[in-house]
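Engineer: mmCIF, C-alpha atoms, file structure-v4.cif:
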data_work
#
loop_
_atom_site.label_atom_id
_atom_site.label_comp_id
_atom_site.auth_asym_id
_atom_site.auth_seq_id
_atom_site.Cartn_x
_atom_site.Cartn_y
_atom_site.Cartn_z
CA MET F 426 -16.86 -20.56 70.71
CA ASN F 427 -14.47 -17.76 71.71
CA THR F 428 -11.85 -16.40 69.35
CA THR F 429 -8.91 -18.13 71.05
CA LEU F 430 -10.57 -21.54 71.01
CA GLN F 431 -11.67 -21.02 67.41
CA GLY F 432 -8.08 -20.25 66.49
CA VAL F 433 -6.84 -23.41 68.19
CA VAL F 434 -9.43 -25.55 66.40
CA THR F 435 -8.61 -23.96 63.05
CA ALA F 436 -4.88 -24.45 63.57
CA ALA F 437 -5.41 -28.10 64.48
CA ALA F 438 -7.56 -28.62 61.39
CA VAL F 439 -4.98 -27.01 59.12
CA THR F 440 -2.22 -29.11 60.70
CA THR F 441 -3.99 -32.32 59.75
CA LEU F 442 -4.23 -31.43 56.04
CA PRO F 443 -0.56 -32.26 55.30
CA LEU F 444 -1.02 -35.56 57.12
CA LEU F 445 -3.99 -36.39 54.90
CA ALA F 446 -1.88 -35.56 51.85
CA LEU F 447 0.87 -37.77 53.27
CA HIS F 448 -1.59 -40.61 53.68
CA LEU F 449 -2.44 -40.41 49.98
CA LEU F 450 1.20 -41.28 49.29
CA CYS F 451 1.16 -44.30 51.60
CA PRO F 452 -0.06 -46.85 49.01
CA TRP F 453 2.80 -45.90 46.69
CA ALA F 454 5.29 -45.97 49.55
CA ALA F 455 4.01 -49.39 50.61
CA TRP F 456 4.89 -50.88 47.22
CA LYS F 457 8.41 -49.50 47.56
CA LEU F 458 8.91 -50.53 51.18
CA HIS F 459 7.46 -54.03 50.95
CA PRO F 460 6.90 -55.22 47.35
CA ARG F 461 6.04 -58.74 48.49
CA ASN F 462 3.39 -57.62 50.96
CA PRO F 463 2.44 -53.99 50.31
CA THR F 464 -0.83 -54.40 52.19
CA ARG F 465 0.99 -55.00 55.44
CA ALA F 466 3.21 -51.97 54.88
CA TYR F 467 0.20 -49.84 53.99
CA ASP F 468 -1.62 -50.91 57.14
CA TRP F 469 1.26 -49.85 59.36
CA LEU F 470 1.74 -46.57 57.50
CA THR F 471 -1.96 -45.81 57.89
CA ILE F 472 -1.84 -46.59 61.59
CA GLY F 473 1.16 -44.28 61.93
CA VAL F 474 -0.53 -41.37 60.15
CA ALA F 475 -3.71 -41.86 62.18
CA ALA F 476 -1.67 -41.85 65.39
CA ALA F 477 -0.06 -38.57 64.33
CA VAL F 478 -3.50 -37.05 63.75
CA LEU F 479 -4.62 -38.21 67.19
CA LEU F 480 -1.63 -36.47 68.74
CA LEU F 481 -1.97 -33.22 66.79
CA ALA F 482 -5.75 -32.91 66.79
CA PRO F 483 -7.35 -35.19 69.40
CA PRO F 484 -10.98 -35.96 68.53
CA GLU F 485 -13.88 -35.00 70.76
CA TRP F 486 -14.33 -38.46 72.26
CA ASP F 487 -17.41 -37.49 74.30
CA ARG F 488 -19.16 -36.33 71.16
CA ILE F 489 -18.09 -39.44 69.25
CA ALA F 490 -19.42 -41.69 72.02
CA ALA F 491 -22.70 -39.77 72.08
CA GLN F 492 -23.14 -40.27 68.32
CA ALA F 493 -22.61 -44.03 68.56
CA TRP F 494 -26.25 -45.16 68.66
CA TRP F 495 -25.66 -48.86 69.15
CA PRO F 496 -28.54 -50.23 67.05
CA ALA F 497 -27.17 -48.19 64.16
CA VAL F 498 -23.64 -49.43 64.87
CA ALA F 499 -24.90 -53.03 64.82
CA SER F 500 -26.74 -52.37 61.56
CA ALA F 501 -23.59 -50.85 60.07
CA THR F 502 -21.63 -53.95 61.07
CA LEU F 503 -24.15 -56.23 59.37
CA ALA F 504 -24.14 -54.03 56.27
CA GLY F 505 -20.35 -54.22 56.09
CA LEU F 506 -20.53 -58.01 56.25
CA ALA F 507 -23.37 -58.23 53.73
CA LEU F 508 -21.95 -55.96 51.03
CA PRO F 509 -19.39 -58.40 49.55
CA PHE F 510 -22.00 -61.17 49.45
CA LEU F 511 -24.56 -58.94 47.73
CA VAL F 512 -22.05 -57.78 45.14
CA ALA F 513 -20.92 -61.36 44.54
CA VAL F 514 -24.52 -62.42 43.94
CA ALA F 515 -25.13 -59.46 41.62
CA LEU F 516 -22.03 -60.32 39.59
CA ARG F 517 -22.75 -64.04 39.73
CA ARG F 518 -19.49 -64.71 41.51
CA ARG F 519 -18.82 -67.08 44.38
CA LEU F 520 -17.09 -66.20 47.62
CA VAL F 521 -14.60 -68.89 48.57
CA ARG F 522 -12.93 -69.30 51.95
CA ARG F 523 -9.34 -68.20 52.37
CA PRO F 524 -6.95 -69.84 54.83
CA THR F 525 -7.65 -68.41 58.26
CA PRO F 526 -5.39 -65.38 58.81
CA ALA F 527 -3.32 -64.98 61.95
CA MET F 528 -4.92 -63.06 64.80
CA SER F 529 -2.24 -60.39 64.47
CA HIS F 530 -3.28 -59.87 60.85
CA LEU F 531 -6.95 -59.55 61.80
CA ALA F 532 -6.12 -57.12 64.60
CA ARG F 533 -4.08 -55.01 62.18
CA THR F 534 -7.00 -55.03 59.74
CA ILE F 535 -9.33 -53.63 62.41
CA VAL F 536 -6.91 -50.92 63.52
CA CYS F 537 -6.15 -49.91 59.93
CA ALA F 538 -9.86 -49.66 59.12
CA ALA F 539 -10.32 -47.48 62.20
CA GLY F 540 -7.40 -45.33 61.06
CA GLU F 541 -8.87 -44.83 57.59
CA GLU F 542 -12.21 -43.83 59.05
CA LEU F 543 -10.57 -41.43 61.48
CA LEU F 544 -8.65 -39.84 58.60
CA TRP F 545 -11.24 -39.71 55.81
CA ARG F 546 -14.66 -39.76 57.47
CA TYR F 547 -13.90 -37.69 60.56
CA THR F 548 -10.74 -35.61 60.10
CA ALA F 549 -10.82 -34.79 56.38
CA PRO F 550 -14.30 -33.19 56.20
CA LEU F 551 -13.69 -31.32 59.45
CA ALA F 552 -10.28 -30.05 58.33
CA LEU F 553 -11.64 -28.92 54.97
CA MET F 554 -14.63 -27.17 56.53
CA VAL F 555 -12.88 -25.56 59.49
CA GLY F 556 -9.39 -25.17 58.10
CA LEU F 557 -10.21 -24.11 54.54
CA GLY F 558 -13.75 -22.86 55.01
CA LEU F 559 -15.28 -25.19 52.41
CA PRO F 560 -19.03 -25.82 52.45
CA ALA F 561 -20.02 -29.09 54.08
CA TRP F 562 -21.06 -30.84 50.87
CA THR F 563 -17.84 -29.80 49.11
CA ALA F 564 -15.76 -31.05 52.02
CA TRP F 565 -17.54 -34.41 51.99
CA VAL F 566 -17.12 -34.80 48.24
CA ALA F 567 -13.43 -33.93 48.49
CA ALA F 568 -12.91 -36.33 51.40
CA THR F 569 -14.65 -39.13 49.51
CA ALA F 570 -12.55 -38.41 46.43
CA GLY F 571 -9.44 -38.68 48.59
CA PHE F 572 -10.62 -42.02 49.96
CA LEU F 573 -11.19 -43.31 46.42
CA ALA F 574 -7.81 -42.07 45.22
CA LEU F 575 -6.20 -43.79 48.18
CA HIS F 576 -7.31 -47.20 46.91
CA VAL F 577 -6.45 -46.86 43.22
CA PRO F 578 -2.78 -47.93 43.54
CA GLY F 579 -3.70 -51.15 45.32
CA PHE F 580 -6.87 -52.11 43.48
CA GLY F 581 -6.73 -50.35 40.11
CA TRP F 582 -9.31 -48.29 38.29
CA ARG F 583 -11.54 -51.28 37.53
CA ARG F 584 -12.33 -51.73 41.22
CA LEU F 585 -13.18 -48.06 41.68
CA PRO F 586 -16.98 -48.59 41.41
CA TYR F 587 -16.82 -51.11 44.24
CA ILE F 588 -14.63 -48.80 46.33
CA ALA F 589 -17.18 -46.04 45.70
CA LEU F 590 -19.90 -48.38 46.93
CA THR F 591 -17.97 -49.08 50.13
CA ALA F 592 -17.33 -45.35 50.59
CA THR F 593 -21.06 -44.72 50.31
CA LEU F 594 -21.76 -47.41 52.90
CA PHE F 595 -19.12 -46.14 55.33
CA THR F 596 -20.27 -42.53 54.93
CA THR F 597 -23.88 -43.55 55.54
CA ALA F 598 -22.76 -45.44 58.64
CA TYR F 599 -20.87 -42.36 59.82
CA LEU F 600 -23.87 -40.10 59.34
CA ALA F 601 -26.14 -42.59 61.12
CA ALA F 602 -23.91 -43.63 64.01
CA GLY F 603 -20.85 -41.42 63.99
CA LEU F 604 -17.27 -42.60 63.83
CA GLY F 605 -18.12 -45.79 65.71
CA GLY F 606 -20.60 -46.83 63.03
CA ALA F 607 -18.17 -46.12 60.21
CA VAL F 608 -15.39 -48.07 61.91
CA ALA F 609 -17.74 -50.99 62.59
CA ALA F 610 -18.88 -51.17 58.96
CA HIS F 611 -15.37 -50.79 57.57
CA ALA F 612 -13.76 -53.29 59.94
CA ALA F 613 -16.50 -55.88 59.39
CA HIS F 614 -16.20 -55.50 55.61
CA ASN F 615 -12.41 -55.83 55.61
CA LEU F 616 -12.42 -58.76 58.02
CA LEU F 617 -14.80 -60.59 55.73
CA LEU F 618 -12.51 -59.98 52.76
CA ASP F 619 -9.62 -61.28 54.87
CA THR F 620 -11.43 -64.59 55.23
CA TYR F 621 -13.22 -64.84 51.87
CA THR F 622 -12.24 -64.01 48.33
CA THR F 623 -14.11 -63.85 45.06
CA ASP F 624 -13.92 -66.81 42.74
CA PRO F 625 -13.29 -65.29 39.28
CA ARG F 626 -15.46 -67.95 37.67
CA LYS F 627 -19.08 -67.00 37.20
CA ARG F 628 -21.76 -69.12 38.72
CA SER F 629 -23.20 -71.53 36.21
CA PRO F 630 -26.91 -71.02 35.82
CA THR F 631 -28.99 -73.92 37.09
CA PRO F 632 -29.86 -76.08 34.08
CA PRO F 633 -33.55 -76.42 33.31
CA VAL F 634 -35.22 -79.43 34.88
CA PRO F 635 -36.75 -81.83 32.36
CA PRO F 636 -40.49 -82.30 32.77
CA GLY F 637 -41.42 -85.03 35.20
CA THR F 638 -38.15 -84.97 37.16
CA LEU F 639 -37.11 -83.40 40.43
CA PRO F 640 -34.07 -81.14 40.80
CA ALA F 641 -31.12 -82.31 42.82
CA PRO F 642 -31.43 -81.64 46.57
CA SER F 643 -28.57 -79.12 46.36
CA ASP F 644 -30.72 -76.97 44.04
CA TRP F 645 -33.70 -76.79 46.39
#
Would you mind writing the file's structure down as structure tokens?

Structural biologist:
Amino acid sequence: MNTTLQGVVTAAAVTTLPLLALHLLCPWAAWKLHPRNPTRAYDWLTIGVAAAVLLLAPPEWDRIAAQAWWPAVASATLAGLALPFLVAVALRRRLVRRPTPAMSHLARTIVCAAGEELLWRYTAPLALMVGLGLPAWTAWVAATAGFLALHVPGFGWRRLPYIALTATLFTTAYLAAGLGGAVAAHAAHNLLLDTYTTDPRKRSPTPPVPPGTLPAPSDW
């Protein structure tokens, strides 16, 4: 890469850092802008910040497309769908169906998930490595920490282990299938949570079956 092009890339990376910092403020701003539905406000703020990043530092779409190995993208999608179920089983919780959201809500969920992945799985590590000269592992740790901090206002500290689990999944999907894999996993996960929620009541363990009797068909 020649010096001029390197300078342009570095400048673009540095320019995105304030936008990433701005995005960290979006959850707090969402509560102020729309106290009754901060999630909706946050989604639109995220989409706006992601759009600004796209304008200031357009991604290398050819490279992103080349990284999207479709079997890995499909696997990432399935993993995003499976994670809430696996965690519910591990915690002995039940997932119960929510009322079906409007299509506009589901579309916004997908675009917001794509925006978060663009910001924190693609842009943040690149900006920290190229713009600030951080080692790759440090940049990834910092980007993941930013992603976790982003979700504390909306979900609280108690949900942080689960958010860390999702961050691990999305990062793995990114490393396996690029931005497309991360977006697929994130969007699938969030769409599932739009249609299912966790029942706070724990599953009751199946009572022991007295000798000489058969369990109910529902327990088979």

Engineer: Determine, counting all atoms listed in the file, which protein, DNA and RNA residues have an atom within 12 Å of an atom of Leu531 in chain F; residues of the same chain fewer than 4 positions away are not included. Present the result as a PyMOL selection string.

Structural biologist: chain F and resi 465+468+525-527+535-538+612-620

Engineer: Considering all atoms listed in the file, can you say which of F:Tyr467, F:Tyr621, F:Phe595, F:Trp562 comes closest to Val608 in chain F?

Structural biologist: F:Phe595

Engineer: Considering all atoms listed in the file, tabulate each residue of range 560-610 of chain F that lies at most 9 Å from range 442-464 of chain F along with its nearest interatomic pair and the corresponding distance in Å to one decimal; arrange the rows by chain and ascending residue number and present them as a Markdown table.

Structural biologist:
| residue | atom | partner | partner_atom | distance |
| --- | --- | --- | --- | --- |
| F:Gly571 | CA | F:Leu449 | CA | 7.3 |
| F:Phe572 | CA | F:Leu449 | CA | 8.3 |
| F:Ala574 | CA | F:Leu449 | CA | 7.4 |
| F:Leu575 | CA | F:Leu449 | CA | 5.4 |
| F:His576 | CA | F:Pro452 | CA | 7.6 |
| F:Val577 | CA | F:Pro452 | CA | 8.6 |
| F:Pro578 | CA | F:Pro452 | CA | 6.2 |
| F:Gly579 | CA | F:Pro452 | CA | 6.7 |

Engineer: Measure the distance from CA of Leu508 in chain F to CA of Gly473 in chain F in Å and round it to one decimal.

Structural biologist: 28.1 Å

Engineer: What does the structure give for the distance between CA of Trp545 in chain F and CA of Ala568 in chain F, in Å to one decimal?

Structural biologist: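 Straight-line distance from CA of Trp545 in chain F to CA of Ala568 in chain F works out to 5.8 Å.
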
Engineer: Quick one: residues within 12 Å of Leu551 in chain F, only C-alpha atoms counted, chain neighbours fewer than 6 positions away excluded, as a ChimeraX atom specification?

Structural biologist: /F:434-442,445,482,484-485,543-545,557-565,567-568

Engineer: From the list F:Ala601, F:Ala539, F:Ala504, F:Ala515, which residue is nearest Val474 in chain F when using only C-alpha atoms?

Structural biologist: F:Ala539

Engineer: For a test of reading the model, state the distance in Å between CA of Val566 in chain F and CA of Leu594 in chain F, rounded to one decimal.

Structural biologist: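 Distance reported for this atom pair: 14.2 Å.
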
Engineer: When the PyMOL selection byres ((chain F and resi 498) around 8) is applied to the file above, which residues end up in the set, as a list in words?

Structural biologist: Ala493, Trp494, Trp495, Pro496, Ala497, Ala499, Ser500, Ala501, Thr502, Ala598, Ala602, Gly605, Gly606, Ala607, Ala609 and Ala610 of chain F

Engineer: Under the rule that only C-alpha atoms are counted, which of F:Leu590, F:Leu520, F:Ala490, F:Leu503 is the nearest residue to Gly603 in chain F?

Structural biologist: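 Distance minimum relative to Gly603 in chain F lands on F:Ala490.
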
Engineer: Which is closest to Arg523 in chain F among F:Pro586, F:Val478, F:Glu541, F:Thr623, if we use all atoms listed in the file?

Structural biologist: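 Comparing F:Pro586, F:Val478, F:Glu541, F:Thr623 against Arg523 in chain F, the winner is F:Thr623.
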
Engineer: Nearest to Arg488 in chain F: which of F:Ala549, F:Leu604, F:Leu511, F:Leu585 is it, counting all atoms listed in the file?

Structural biologist: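 Between F:Ala549, F:Leu604, F:Leu511, F:Leu585, the residue approaching Arg488 in chain F most closely is F:Leu604.
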
Engineer: Under the rule that only C-alpha atoms are counted, which of F:Val555, F:Leu600, F:Leu573, F:Ala532 is the nearest residue to Gln492 in chain F?

Structural biologist: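 The shortest atom-to-atom distance to Gln492 in chain F comes from F:Leu600.
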